[in-house]
Amino acid sequence: MTGSRDAGHNRGVEEDRGKLLAFPQAPEAIEMRHLRSFVAVAEDLNFGRAAARLYLSQPALSRQISALERLVGCELLRRSTHRVELTLAGEALLDRARRLLHDLDEAVSVTQSVGDELTARLARFWKPLVEASNTEAPLEEMRAAYEALHAQFSLPPEAEVRPVNAGGVPSLLVGAQPDRPATLMHLHGGGYVLGSGFGYLPLAGALALAADARAVVPEYRLAPEHPFPAAVEDARRVYAWMLDQGVDAQQVTVAGDSSGGGLVISLLLTLKEQGLPLPGGALLLCPGVDLTGATLERRPPDEPVSAATLEQARRSADAYLAGHPIDDPVVSPLIADLSGLPPMLVQAATGDFVLEDARRLTDRARSHGVDARLELYPVDTHVFQLFWSFLPEAADALNQAGRFARDVASGASAGRSAGA
């Protein structure tokens, strides 16, 4: 009997201890986005930079931090008008939150690698356009396929959009700063014959948020209906409109992807030729700048470009040039005098068929004294930045692109202050 009583007593003590030692569970309403927001602010100790990293507006980021503090029941960050500091509770959470997010990201990455899901997903996005190209579909079918590709992406929720007539060019303004003038222009890709500003809003919106800026996305005229120099003229008019809004040219970053990167260089060379003020920076995302097709034809035997891709590139170039000399430096920057152009950030994917364009352009710019930087990302697709919503390398690239644009804008501000 005594043994039974002792056993019962011990079980009771163990049960009591279990109740006393049970660690309180985290509130179910805490989400990963709350922790990612907290870690970003805790690492930067700056809400503006953290918001740019996460493609959020500062008010939205502040709401997430406040929600997390309500859920855990204590203050994690101490804010003042001049600084942000971690509280003791915040310091206790930071390392644990980092480990949790790292483990989650690693688990997702391993899962996707095993299933090769990312590669398959990228291929599915491009498939309709590739099939249309392989069958030499009419231009209207190609355009529809290209718009269908972009329609699968969503605009970042914090990005606001409104139409604007920018110097007579129908355009769209996108970003999370409705009270600011646009300091970023994005010229979309599509071989000068495909694409639209509307279709590119998800990419331009993400870039604008990363840059903490507003972006103007021109609906520039396309070939063959409007061959060279129509697109360049439209880009120049939109740029002039930006300056008319009171923006210092040195604050402006002109961005472009694929053929839009070539259009950026054409715009810069035109401004230089006409003696007009140049922007503060150029951002080129997987630029395609060789209209001759020679770069594609010289690819190594183990990395060939399909005959359909070559033919489509030739057709697009012919439609755009419409007989204009291809040795005009304005349309062929690889033979142009690039001296005097603003700093450039060039991003390219290691598996992109226009990778050599990016390398040659960067090398030529450097040889002419331009501050040009090439960033390479281990991805096997063209304009990988389009896939920022699920591809880690794309999100990282846009973060770097946004930082470049912010540096351009802040450099201009610092220069004005010093001049004053």
# chains A, B, ... in the order shown; residues from 1 in each chain; ligands from 1

$ residues_around --residues "region 92-102 of chain A" --least-positions-apart "3" --cutoff "7 Å" --atoms "only C-alpha atoms" --output "number ranges by chain"
A: 35, 39, 88-89, 105-106

$ write_last_selection --atoms "N, CA and C atoms" --output "CSV table (one decimal), in the first residue's frame"
chain,number,residue,atom,x,y,z
A,35,LEU,N,7.7,37.5,-38.7
A,35,LEU,CA,9.1,37.3,-38.3
A,35,LEU,C,10.1,37.8,-39.3
A,39,VAL,N,12.9,40.5,-38.5
A,39,VAL,CA,14.4,40.3,-38.7
A,39,VAL,C,15.0,41.3,-39.6
A,88,LEU,N,15.6,44.3,-25.0
A,88,LEU,CA,16.1,43.0,-24.6
A,88,LEU,C,15.3,41.8,-25.1
A,89,ALA,N,13.9,42.1,-25.2
A,89,ALA,CA,13.0,41.0,-25.7
A,89,ALA,C,13.3,40.8,-27.2
A,105,ASP,N,13.5,28.2,-45.0
A,105,ASP,CA,14.0,28.5,-46.3
A,105,ASP,C,14.8,27.3,-46.9
A,106,GLU,N,15.6,26.7,-46.0
A,106,GLU,CA,16.4,25.5,-46.4
A,106,GLU,C,15.5,24.3,-46.7

$ residues_around --residues "region 67-82 of chain A" --least-positions-apart "5" --cutoff "7 Å" --atoms "only C-alpha atoms" --output "ChimeraX atom specification"
/A:27,30,34,87,89-90

$ residues_around --residues "Val41 (chain A)" --least-positions-apart "2" --cutoff "12 Å" --atoms "only C-alpha atoms" --output "short mmCIF file (atom, residue, chain, number, x, y, z; two decimals) with N, CA and C atoms, in the first residue's frame"
data_model
loop_
_atom_site.label_atom_id
_atom_site.label_comp_id
_atom_site.auth_asym_id
_atom_site.auth_seq_id
_atom_site.Cartn_x
_atom_site.Cartn_y
_atom_site.Cartn_z
N HIS A 34 5.47 38.10 -40.29
CA HIS A 34 5.77 38.93 -39.12
C HIS A 34 7.24 38.77 -38.73
N LEU A 35 7.71 37.53 -38.71
CA LEU A 35 9.09 37.28 -38.31
C LEU A 35 10.08 37.81 -39.34
N ARG A 36 9.76 37.65 -40.62
CA ARG A 36 10.66 38.18 -41.65
C ARG A 36 10.74 39.71 -41.54
N SER A 37 9.63 40.34 -41.28
CA SER A 37 9.63 41.80 -41.13
C SER A 37 10.47 42.21 -39.93
N PHE A 38 10.29 41.50 -38.82
CA PHE A 38 11.06 41.83 -37.61
C PHE A 38 12.55 41.65 -37.84
N VAL A 39 12.95 40.53 -38.45
CA VAL A 39 14.37 40.27 -38.68
C VAL A 39 14.97 41.33 -39.61
N GLU A 43 17.94 43.78 -38.35
CA GLU A 43 19.26 43.73 -38.98
C GLU A 43 19.69 45.08 -39.51
N ASP A 44 18.74 45.82 -40.08
CA ASP A 44 19.08 47.12 -40.66
C ASP A 44 18.96 48.27 -39.66
N LEU A 45 18.11 48.06 -38.63
CA LEU A 45 17.77 49.13 -37.68
C LEU A 45 17.34 50.38 -38.44
N ASN A 46 16.58 50.12 -39.52
CA ASN A 46 16.09 51.20 -40.37
C ASN A 46 14.85 50.70 -41.12
N PHE A 47 13.72 51.32 -40.87
CA PHE A 47 12.48 50.84 -41.47
C PHE A 47 12.47 51.03 -42.99
N GLY A 48 13.09 52.12 -43.48
CA GLY A 48 13.10 52.35 -44.91
C GLY A 48 13.85 51.28 -45.67
N ARG A 49 15.06 50.96 -45.21
CA ARG A 49 15.85 49.94 -45.90
C ARG A 49 15.20 48.56 -45.77
N ALA A 50 14.65 48.27 -44.61
CA ALA A 50 14.00 46.97 -44.42
C ALA A 50 12.78 46.84 -45.32
N ALA A 51 12.02 47.91 -45.46
CA ALA A 51 10.84 47.88 -46.33
C ALA A 51 11.24 47.61 -47.78
N ALA A 52 12.33 48.23 -48.21
CA ALA A 52 12.80 48.01 -49.59
C ALA A 52 13.22 46.56 -49.80
N ARG A 53 13.88 45.97 -48.80
CA ARG A 53 14.30 44.56 -48.90
C ARG A 53 13.11 43.64 -49.08
N LEU A 54 11.99 44.00 -48.44
CA LEU A 54 10.82 43.12 -48.42
C LEU A 54 9.78 43.51 -49.46
N GLN A 58 6.72 51.45 -46.05
CA GLN A 58 7.06 51.59 -44.64
C GLN A 58 5.84 51.48 -43.73
N LEU A 61 5.05 47.82 -43.29
CA LEU A 61 6.04 47.17 -42.45
C LEU A 61 5.82 47.52 -40.98
N SER A 62 5.53 48.77 -40.70
CA SER A 62 5.27 49.18 -39.31
C SER A 62 4.07 48.45 -38.73
N GLN A 64 3.07 45.44 -39.54
CA GLN A 64 3.44 44.06 -39.24
C GLN A 64 4.25 43.96 -37.95
N ILE A 65 5.16 44.91 -37.73
CA ILE A 65 5.93 44.90 -36.49
C ILE A 65 5.02 45.13 -35.29
N LEU A 76 9.42 44.96 -28.95
CA LEU A 76 10.60 44.33 -29.53
C LEU A 76 11.59 45.36 -30.08
N LEU A 77 11.06 46.47 -30.52
CA LEU A 77 11.88 47.53 -31.10
C LEU A 77 11.50 48.86 -30.46
N ARG A 78 12.50 49.61 -30.11
CA ARG A 78 12.26 50.94 -29.53
C ARG A 78 12.53 51.97 -30.62
N ARG A 79 11.51 52.73 -31.00
CA ARG A 79 11.65 53.71 -32.08
C ARG A 79 11.72 55.12 -31.53
N ARG A 83 16.40 57.05 -34.43
CA ARG A 83 17.03 55.74 -34.42
C ARG A 83 16.04 54.64 -34.07
N VAL A 84 16.44 53.43 -34.37
CA VAL A 84 15.68 52.23 -34.01
C VAL A 84 16.61 51.34 -33.21
N GLU A 85 16.14 50.84 -32.07
CA GLU A 85 16.96 49.99 -31.21
C GLU A 85 16.19 48.72 -30.86
N LEU A 86 16.93 47.64 -30.67
CA LEU A 86 16.34 46.40 -30.18
C LEU A 86 16.18 46.47 -28.67
N GLY A 90 13.57 41.93 -27.91
CA GLY A 90 13.88 41.83 -29.33
C GLY A 90 15.16 41.07 -29.59
N LEU A 94 15.57 37.69 -31.86
CA LEU A 94 16.23 37.83 -33.15
C LEU A 94 16.94 36.54 -33.59
#

$ atom_distance --atom1 "CA of Ala210 (chain A)" --atom2 "CA of Ser57 (chain A)"
9.5 Å

$ closest_residue --among "A:Ala336, A:Ala294, A:Leu207, A:Ala230" --to "Asp396 (chain A)" --atoms "only C-alpha atoms"
A:Leu207

$ atom_distance --atom1 "CA of Tyr239 (chain A)" --atom2 "CA of Leu149 (chain A)"
27.8 Å

$ select_by_dssp --residues "region 148-188 of chain A" --states "strand (DSSP E or B)" --output "list of chain:residue names"
A:Glu160, A:Val161, A:Arg162, A:Pro163, A:Val164, A:Asn165, A:Ala166, A:Val169, A:Pro170, A:Ser171, A:Leu172, A:Leu173, A:Val174, A:Gly175, A:Leu184, A:Met185, A:His186, A:Leu187

$ residues_around --residues "region 142-147 of chain A" --least-positions-apart "2" --cutoff "7 Å" --atoms "only C-alpha atoms" --output "list in words"
Pro128, Leu129, Ala132, Ala137, Pro138, Leu139, Glu140, Leu149, His150, Ala151, Leu194, Gly195 and Gly199 of chain A

$ residues_around --residues "region 286-292 of chain A" --least-positions-apart "3" --cutoff "9 Å" --atoms "only C-alpha atoms" --output "PyMOL selection string"
chain A and resi 189+191+256-263+265+295-296+313-314+316-318+326+331-334+346-349+352+354-355+357-358+361+382-385

$ write_last_selection --atoms "N, CA and C atoms" --output "JSON list (two decimals), in the first residue's frame"
[["chain", "number", "residue", "atom", "x", "y", "z"],
["A", 189, "GLY", "N", 10.96, 44.84, -72.32],
["A", 189, "GLY", "CA", 11.54, 44.03, -73.38],
["A", 189, "GLY", "C", 10.47, 43.52, -74.34],
["A", 191, "GLY", "N", 11.80, 42.48, -77.80],
["A", 191, "GLY", "CA", 12.38, 42.56, -79.14],
["A", 191, "GLY", "C", 11.88, 43.72, -79.96],
["A", 256, "GLY", "N", 15.85, 48.88, -68.04],
["A", 256, "GLY", "CA", 15.25, 48.16, -69.15],
["A", 256, "GLY", "C", 15.66, 46.70, -69.11],
["A", 257, "ASP", "N", 14.78, 45.82, -69.56],
["A", 257, "ASP", "CA", 15.10, 44.39, -69.60],
["A", 257, "ASP", "C", 15.13, 43.92, -71.05],
["A", 258, "SER", "N", 16.00, 42.95, -71.32],
["A", 258, "SER", "CA", 16.11, 42.35, -72.65],
["A", 258, "SER", "C", 16.35, 43.45, -73.70],
["A", 259, "SER", "N", 15.50, 43.51, -74.73],
["A", 259, "SER", "CA", 15.67, 44.58, -75.72],
["A", 259, "SER", "C", 15.44, 45.95, -75.10],
["A", 260, "GLY", "N", 14.69, 46.00, -74.01],
["A", 260, "GLY", "CA", 14.53, 47.27, -73.30],
["A", 260, "GLY", "C", 15.85, 47.79, -72.79],
["A", 261, "GLY", "N", 16.81, 46.86, -72.48],
["A", 261, "GLY", "CA", 18.14, 47.29, -72.12],
["A", 261, "GLY", "C", 18.85, 47.95, -73.29],
["A", 262, "GLY", "N", 18.67, 47.40, -74.48],
["A", 262, "GLY", "CA", 19.22, 48.04, -75.66],
["A", 262, "GLY", "C", 18.60, 49.41, -75.90],
["A", 263, "LEU", "N", 17.30, 49.52, -75.63],
["A", 263, "LEU", "CA", 16.62, 50.80, -75.79],
["A", 263, "LEU", "C", 17.15, 51.83, -74.79],
["A", 265, "ILE", "N", 20.26, 52.06, -73.73],
["A", 265, "ILE", "CA", 21.52, 52.56, -74.27],
["A", 265, "ILE", "C", 21.26, 53.49, -75.45],
["A", 295, "THR", "N", 26.31, 37.52, -81.81],
["A", 295, "THR", "CA", 26.61, 36.96, -80.49],
["A", 295, "THR", "C", 25.91, 35.62, -80.30],
["A", 296, "LEU", "N", 24.66, 35.54, -80.75],
["A", 296, "LEU", "CA", 23.93, 34.29, -80.62],
["A", 296, "LEU", "C", 24.56, 33.19, -81.47],
["A", 313, "ALA", "N", 14.80, 36.34, -83.59],
["A", 313, "ALA", "CA", 15.65, 37.51, -83.32],
["A", 313, "ALA", "C", 15.88, 38.31, -84.60],
["A", 314, "ARG", "N", 16.12, 37.61, -85.69],
["A", 314, "ARG", "CA", 16.35, 38.30, -86.97],
["A", 314, "ARG", "C", 15.08, 39.03, -87.43],
["A", 316, "SER", "N", 12.62, 40.16, -85.63],
["A", 316, "SER", "CA", 12.37, 41.31, -84.76],
["A", 316, "SER", "C", 13.30, 42.47, -85.11],
["A", 317, "ALA", "N", 14.59, 42.14, -85.32],
["A", 317, "ALA", "CA", 15.56, 43.19, -85.67],
["A", 317, "ALA", "C", 15.20, 43.84, -87.00],
["A", 318, "ASP", "N", 14.82, 43.02, -87.98],
["A", 318, "ASP", "CA", 14.46, 43.57, -89.29],
["A", 318, "ASP", "C", 13.23, 44.47, -89.19],
["A", 326, "ILE", "N", 22.37, 49.05, -89.71],
["A", 326, "ILE", "CA", 22.61, 48.39, -88.44],
["A", 326, "ILE", "C", 23.94, 48.82, -87.82],
["A", 331, "VAL", "N", 21.88, 52.21, -82.47],
["A", 331, "VAL", "CA", 21.17, 50.93, -82.38],
["A", 331, "VAL", "C", 22.13, 49.76, -82.15],
["A", 332, "SER", "N", 23.43, 50.02, -82.24],
["A", 332, "SER", "CA", 24.42, 48.97, -82.04],
["A", 332, "SER", "C", 25.46, 49.44, -81.01],
["A", 333, "PRO", "N", 25.10, 49.41, -79.73],
["A", 333, "PRO", "CA", 26.00, 49.95, -78.70],
["A", 333, "PRO", "C", 27.33, 49.23, -78.58],
["A", 334, "LEU", "N", 27.44, 48.00, -79.12],
["A", 334, "LEU", "CA", 28.70, 47.28, -79.03],
["A", 334, "LEU", "C", 29.76, 47.85, -79.95],
["A", 346, "VAL", "N", 24.59, 46.06, -64.63],
["A", 346, "VAL", "CA", 24.13, 45.07, -65.60],
["A", 346, "VAL", "C", 23.94, 43.76, -64.87],
["A", 347, "GLN", "N", 22.76, 43.18, -64.98],
["A", 347, "GLN", "CA", 22.48, 41.88, -64.36],
["A", 347, "GLN", "C", 22.20, 40.85, -65.46],
["A", 348, "ALA", "N", 22.74, 39.65, -65.27],
["A", 348, "ALA", "CA", 22.54, 38.60, -66.27],
["A", 348, "ALA", "C", 22.49, 37.25, -65.58],
["A", 349, "ALA", "N", 21.83, 36.30, -66.24],
["A", 349, "ALA", "CA", 21.76, 34.92, -65.75],
["A", 349, "ALA", "C", 22.82, 34.10, -66.45],
["A", 352, "ASP", "N", 21.52, 32.30, -69.52],
["A", 352, "ASP", "CA", 20.74, 33.10, -70.46],
["A", 352, "ASP", "C", 21.41, 33.10, -71.84],
["A", 354, "VAL", "N", 21.48, 35.44, -73.93],
["A", 354, "VAL", "CA", 22.10, 36.72, -74.24],
["A", 354, "VAL", "C", 23.16, 37.12, -73.20],
["A", 355, "LEU", "N", 23.65, 36.15, -72.47],
["A", 355, "LEU", "CA", 24.68, 36.44, -71.46],
["A", 355, "LEU", "C", 25.88, 37.16, -72.08],
["A", 357, "ASP", "N", 25.98, 39.15, -74.56],
["A", 357, "ASP", "CA", 25.65, 40.56, -74.79],
["A", 357, "ASP", "C", 25.97, 41.39, -73.55],
["A", 358, "ALA", "N", 25.55, 40.88, -72.40],
["A", 358, "ALA", "CA", 25.78, 41.60, -71.14],
["A", 358, "ALA", "C", 27.27, 41.75, -70.87],
["A", 361, "LEU", "N", 28.87, 44.25, -73.47],
["A", 361, "LEU", "CA", 28.46, 45.62, -73.20],
["A", 361, "LEU", "C", 29.19, 46.18, -71.98],
["A", 382, "HIS", "N", 15.95, 33.53, -69.37],
["A", 382, "HIS", "CA", 16.07, 34.93, -69.78],
["A", 382, "HIS", "C", 15.18, 35.80, -68.90],
["A", 383, "VAL", "N", 15.63, 37.00, -68.62],
["A", 383, "VAL", "CA", 14.92, 37.98, -67.78],
["A", 383, "VAL", "C", 14.35, 37.28, -66.54],
["A", 384, "PHE", "N", 15.21, 36.63, -65.79],
["A", 384, "PHE", "CA", 14.79, 35.90, -64.60],
["A", 384, "PHE", "C", 14.17, 36.80, -63.54],
["A", 385, "GLN", "N", 14.43, 38.10, -63.63],
["A", 385, "GLN", "CA", 13.86, 39.04, -62.65],
["A", 385, "GLN", "C", 12.33, 39.06, -62.69]]

$ closest_residue --among "A:Asn165, A:Ser154, A:Ser410, A:Asn134" --to "Glu311 (chain A)" --atoms "only C-alpha atoms"
A:Asn134

$ closest_residue --among "A:Asp337, A:Glu31, A:Glu141, A:Asp212" --to "Arg406 (chain A)" --atoms "only C-alpha atoms"
A:Asp212

$ residues_around --residues "Arg236 (chain A)" --least-positions-apart "5" --cutoff "12 Å" --atoms "only C-alpha atoms" --output "MDAnalysis selection string"
chainID A and resid 166:169 185 187 218 220 229:231 241:243 254 263:272 274 276:279

$ write_last_selection --atoms "N, CA and C atoms" --output "PDB file, in the first residue's frame"
ATOM      1  N   ALA A 166       2.642  61.067 -70.435  1.00  0.00           N
ATOM      2  CA  ALA A 166       3.987  61.562 -70.158  1.00  0.00           C
ATOM      3  C   ALA A 166       4.595  62.135 -71.430  1.00  0.00           C
ATOM      4  N   GLY A 167       4.444  63.428 -71.618  1.00  0.00           N
ATOM      5  CA  GLY A 167       4.990  64.071 -72.811  1.00  0.00           C
ATOM      6  C   GLY A 167       4.351  63.593 -74.081  1.00  0.00           C
ATOM      7  N   GLY A 168       3.083  63.192 -73.992  1.00  0.00           N
ATOM      8  CA  GLY A 168       2.375  62.699 -75.164  1.00  0.00           C
ATOM      9  C   GLY A 168       2.464  61.196 -75.350  1.00  0.00           C
ATOM     10  N   VAL A 169       3.167  60.512 -74.447  1.00  0.00           N
ATOM     11  CA  VAL A 169       3.307  59.055 -74.539  1.00  0.00           C
ATOM     12  C   VAL A 169       2.429  58.414 -73.466  1.00  0.00           C
ATOM     13  N   MET A 185      12.506  55.053 -64.588  1.00  0.00           N
ATOM     14  CA  MET A 185      11.791  54.698 -65.815  1.00  0.00           C
ATOM     15  C   MET A 185      12.141  53.267 -66.169  1.00  0.00           C
ATOM     16  N   LEU A 187      11.845  50.524 -69.285  1.00  0.00           N
ATOM     17  CA  LEU A 187      11.542  50.262 -70.692  1.00  0.00           C
ATOM     18  C   LEU A 187      11.485  48.746 -70.888  1.00  0.00           C
ATOM     19  N   PRO A 218       6.573  53.478 -69.862  1.00  0.00           N
ATOM     20  CA  PRO A 218       5.987  53.983 -71.111  1.00  0.00           C
ATOM     21  C   PRO A 218       5.397  52.875 -71.976  1.00  0.00           C
ATOM     22  N   TYR A 220       5.658  52.613 -75.131  1.00  0.00           N
ATOM     23  CA  TYR A 220       6.315  53.128 -76.333  1.00  0.00           C
ATOM     24  C   TYR A 220       5.843  52.356 -77.559  1.00  0.00           C
ATOM     25  N   PRO A 229      13.121  55.390 -85.517  1.00  0.00           N
ATOM     26  CA  PRO A 229      13.479  55.663 -84.118  1.00  0.00           C
ATOM     27  C   PRO A 229      12.276  55.913 -83.197  1.00  0.00           C
ATOM     28  N   ALA A 230      11.093  55.372 -83.530  1.00  0.00           N
ATOM     29  CA  ALA A 230       9.886  55.702 -82.762  1.00  0.00           C
ATOM     30  C   ALA A 230      10.045  55.383 -81.278  1.00  0.00           C
ATOM     31  N   ALA A 231      10.539  54.184 -80.949  1.00  0.00           N
ATOM     32  CA  ALA A 231      10.672  53.803 -79.540  1.00  0.00           C
ATOM     33  C   ALA A 231      11.644  54.712 -78.803  1.00  0.00           C
ATOM     34  N   TRP A 241       9.699  64.571 -69.874  1.00  0.00           N
ATOM     35  CA  TRP A 241       8.539  64.828 -68.995  1.00  0.00           C
ATOM     36  C   TRP A 241       8.921  64.631 -67.534  1.00  0.00           C
ATOM     37  N   MET A 242       9.717  63.625 -67.233  1.00  0.00           N
ATOM     38  CA  MET A 242      10.159  63.398 -65.857  1.00  0.00           C
ATOM     39  C   MET A 242      10.914  64.614 -65.327  1.00  0.00           C
ATOM     40  N   LEU A 243      11.798  65.164 -66.149  1.00  0.00           N
ATOM     41  CA  LEU A 243      12.555  66.339 -65.719  1.00  0.00           C
ATOM     42  C   LEU A 243      11.649  67.553 -65.566  1.00  0.00           C
ATOM     43  N   VAL A 254      17.349  54.992 -65.398  1.00  0.00           N
ATOM     44  CA  VAL A 254      16.609  54.441 -66.534  1.00  0.00           C
ATOM     45  C   VAL A 254      16.915  52.949 -66.594  1.00  0.00           C
ATOM     46  N   LEU A 263      17.301  49.517 -75.627  1.00  0.00           N
ATOM     47  CA  LEU A 263      16.623  50.798 -75.790  1.00  0.00           C
ATOM     48  C   LEU A 263      17.148  51.832 -74.791  1.00  0.00           C
ATOM     49  N   VAL A 264      17.499  51.386 -73.591  1.00  0.00           N
ATOM     50  CA  VAL A 264      18.101  52.295 -72.604  1.00  0.00           C
ATOM     51  C   VAL A 264      19.386  52.901 -73.165  1.00  0.00           C
ATOM     52  N   ILE A 265      20.257  52.057 -73.727  1.00  0.00           N
ATOM     53  CA  ILE A 265      21.522  52.562 -74.268  1.00  0.00           C
ATOM     54  C   ILE A 265      21.258  53.489 -75.448  1.00  0.00           C
ATOM     55  N   SER A 266      20.295  53.150 -76.309  1.00  0.00           N
ATOM     56  CA  SER A 266      19.951  54.029 -77.424  1.00  0.00           C
ATOM     57  C   SER A 266      19.489  55.390 -76.921  1.00  0.00           C
ATOM     58  N   LEU A 267      18.700  55.399 -75.848  1.00  0.00           N
ATOM     59  CA  LEU A 267      18.246  56.660 -75.262  1.00  0.00           C
ATOM     60  C   LEU A 267      19.435  57.463 -74.748  1.00  0.00           C
ATOM     61  N   LEU A 268      20.340  56.817 -74.012  1.00  0.00           N
ATOM     62  CA  LEU A 268      21.493  57.527 -73.456  1.00  0.00           C
ATOM     63  C   LEU A 268      22.357  58.124 -74.560  1.00  0.00           C
ATOM     64  N   LEU A 269      22.598  57.353 -75.620  1.00  0.00           N
ATOM     65  CA  LEU A 269      23.423  57.850 -76.718  1.00  0.00           C
ATOM     66  C   LEU A 269      22.736  59.007 -77.440  1.00  0.00           C
ATOM     67  N   THR A 270      21.410  58.945 -77.547  1.00  0.00           N
ATOM     68  CA  THR A 270      20.660  60.034 -78.178  1.00  0.00           C
ATOM     69  C   THR A 270      20.737  61.301 -77.335  1.00  0.00           C
ATOM     70  N   LEU A 271      20.554  61.165 -76.028  1.00  0.00           N
ATOM     71  CA  LEU A 271      20.661  62.328 -75.138  1.00  0.00           C
ATOM     72  C   LEU A 271      22.062  62.937 -75.220  1.00  0.00           C
ATOM     73  N   LYS A 272      23.063  62.082 -75.225  1.00  0.00           N
ATOM     74  CA  LYS A 272      24.451  62.560 -75.317  1.00  0.00           C
ATOM     75  C   LYS A 272      24.675  63.297 -76.636  1.00  0.00           C
ATOM     76  N   GLN A 274      22.525  64.825 -78.464  1.00  0.00           N
ATOM     77  CA  GLN A 274      21.763  66.071 -78.515  1.00  0.00           C
ATOM     78  C   GLN A 274      22.173  67.070 -77.441  1.00  0.00           C
ATOM     79  N   LEU A 276      21.830  66.835 -74.210  1.00  0.00           N
ATOM     80  CA  LEU A 276      20.838  66.921 -73.140  1.00  0.00           C
ATOM     81  C   LEU A 276      21.376  66.269 -71.867  1.00  0.00           C
ATOM     82  N   PRO A 277      20.853  66.665 -70.703  1.00  0.00           N
ATOM     83  CA  PRO A 277      21.353  66.094 -69.449  1.00  0.00           C
ATOM     84  C   PRO A 277      21.096  64.594 -69.377  1.00  0.00           C
ATOM     85  N   LEU A 278      22.107  63.861 -68.933  1.00  0.00           N
ATOM     86  CA  LEU A 278      21.997  62.414 -68.817  1.00  0.00           C
ATOM     87  C   LEU A 278      21.459  62.039 -67.442  1.00  0.00           C
ATOM     88  N   PRO A 279      20.785  60.902 -67.352  1.00  0.00           N
ATOM     89  CA  PRO A 279      20.318  60.433 -66.041  1.00  0.00           C
ATOM     90  C   PRO A 279      21.489  60.037 -65.158  1.00  0.00           C
TER      91      PRO A 279
END

$ atom_distance --atom1 "CA of Leu338 (chain A)" --atom2 "CA of Gly281 (chain A)"
13.5 Å

$ select_by_dssp --residues "region 93-303 of chain A" --states "helix (DSSP H, G or I)" --output "MDAnalysis selection string"
chainID A and resid 93:115 117:134 139:150 201:210 230:244 249:251 259:273 294:297

$ closest_residue --among "A:Pro202, A:Pro156, A:Gly340, A:Gly190" --to "Gly280 (chain A)" --atoms "only C-alpha atoms"
A:Gly340

$ closest_residue --among "A:Gln152, A:Gln312, A:Gln251, A:Ser66" --to "Thr183 (chain A)" --atoms "only C-alpha atoms"
A:Gln251
